[in-house]
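This report refers to the structure that appears directly beneath it.
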Amino acid sequence: DGGITQSPKYLFRKEGQNVTLSCEQNLNHDAMYWYRQDPGQGLRLIYYSQIVNDFQKGDIAEGYSVSREKKESFPLTVTSAQKNPTAFYLCASSIYDRGGTEAFFGQGTRLTVV
Amino acid sequence: DAKTTQPPSMDCAEGRAANLPCNHSTISGNEYVYWYRQIHSQGPQYIIHGLKNNETNEMASLIITEDRKSSTLILPHATLRDTAVYYCIVRLNAGNNRKLIWGLGTSLAVNP
């Protein structure tokens with residue numbers, strides 16, 4: 001059945017290592033998004049992509065990178081430049097970014113950097 | 001997109017109706033009210049949205065005041081599985097998902 005899948009659910013990394021979070025959707029959605037969620041804060045947009053081979057920075061893109069080589073996939077790399085990488089990361093998709101289309105979210109990846 | 005104000009937390013007894021308020025006093029005429037919920041350690045889930053008329057679906061009902069400055073999400077018979085954070089978001093229907101403002105929502109605890 002259709003949906004958006006994030007993996008893994010929990011991820012542990014040592015400080016200074018890059019780590020890549022996976023996000024795959026089979027909803028045939030053009031738009032995909034990465035959010036970060038910290039305790040006591042709302043969701044904050046890291047990167048978004050409106051179409052294959054195109055992506056734009058969100059509000060807190062520093063220390064992160066993405067790629068959108070396929071419509072179904074939008075992986076997020078947390079680099080060693082990210083000062084506080086420990087957080088809950090959420091991937092979402094929608095038919096288009098505009099038009100009020102509903103956003104579907106994955107189950108999230110909880111990243112802990114030690 | 002207009003900002004919203006929600007109480008940080010609420011309690012509800014299992015089987016009773018849960019009424020979650022949202023204030024959006026600066027809403028403009030073409031902005032919709034959307035509700036999402038997030039169960040602990042999961043992604044947010046869309047519940048319902050409306051413009052001015054009351055809306056109902058299999059999950060909930062949405063009551064929007066006549067002046068559209070506030071709304072109430074109603075879960076008619078709350079269960080333990082409805083324990084979650086509920087987000088009220090105001091947006092233009094033609095607006096961008098990337099511009100949604102996610103506040104802190106209301107943490108609803110449904111008690112047995």
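Labeling convention for the structure tokens: chains A, B, ... as they appear, residues from 1 per chain, ligands from 1 in order of appearance.
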
Compute the chain B side of the contact with chain A at 6 Å, counting only C-alpha atoms, and hand it back as a ChimeraX atom specification. /B:42-43,93-97,102-104

Taking the DSSP assignment computed from this structure's backbone, write out as a ChimeraX atom specification all residues of chain A that belong to strand (DSSP E or B). /A:4-7,10-13,19-25,31-37,44-51,54-57,64-66,70,73,76-78,87-94,104-105,109-113

Do you have the CA of Ile89 (chain B)-CA of Asp11 (chain B) distance handy?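 Computed distance, CA of Ile89 (chain B) to CA of Asp11 (chain B), equals 21.0 Å.
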
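The neighbours of region 105-108 of chain B here are the residues that come within 8 Å of it, using only C-alpha atoms and leaving out any residue fewer than 2 positions away in the same chain; they are B:Gln6, B:Pro7, B:Pro8, B:Ser9, B:Met10, B:Asp11, B:Cys12, B:Leu20, B:Asp82, B:Thr83, B:Ala84, B:Val85, B:Tyr86, B:Tyr87, B:Cys88, B:Trp102, B:Gly103, B:Val110.
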
Within 8 Å of Ala18 (chain B), counting only C-alpha atoms, which residues show up once you throw out same-chain ones fewer than 4 positions away? Write them as a VMD selection string, please. chain B and resid 12 73 to 78

Please measure the separation of CA of Glu31 (chain B) and CA of Thr4 (chain B), giving the value in Å to one decimal.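 CA of Thr4 (chain B) lies at a distance of 12.1 Å from CA of Glu31 (chain B).
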
Show which residues sit within 6 Å of Glu24 (chain A), as a list in words. Count only C-alpha atoms, and ignore same-chain residues fewer than 2 positions away.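 Here the qualifying residues turn out to be Ile4, Thr5, Glu72 and Ser73 of chain A.
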
Write out as a ChimeraX atom specification the residues lying within 6 Å of region 66-71 of chain B, counting only C-alpha atoms and excluding same-chain residues fewer than 2 positions away. /B:21-25,63-64

What does the distance from CA of Tyr32 (chain B) to CA of Asp38 (chain A) come to in Å, to one decimal?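 Going from CA of Tyr32 (chain B) over to CA of Asp38 (chain A), I get 26.6 Å.
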
With only C-alpha atoms as the basis for distance, which of B:Ser41, B:Tyr46, B:Ala13, B:Asn111 is at the shortest distance from Leu111 (chain A)?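 Smallest separation from Leu111 (chain A) among the options: B:Ser41.
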
Find the spatial neighbours of region 68-71 of chain A, counting only C-alpha atoms, within a cut-off of 6 Å - ignore same-chain residues fewer than 2 positions away - and output them as a PyMOL selection string. chain A and resi 52-53+73-74

Just-selected residues, C-alpha atoms written as a PDB file, in the first residue's frame:
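As a result, part-v7.pdb now contains:
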ATOM      1  CA  VAL A  52      13.201  15.798  -9.329  1.00  0.00           C
ATOM      2  CA  ASN A  53      16.709  17.243  -9.555  1.00  0.00           C
ATOM      3  CA  SER A  73      13.630   9.294  -2.881  1.00  0.00           C
ATOM      4  CA  PHE A  74      14.826  12.316  -0.905  1.00  0.00           C
TER       5      PHE A  74
END
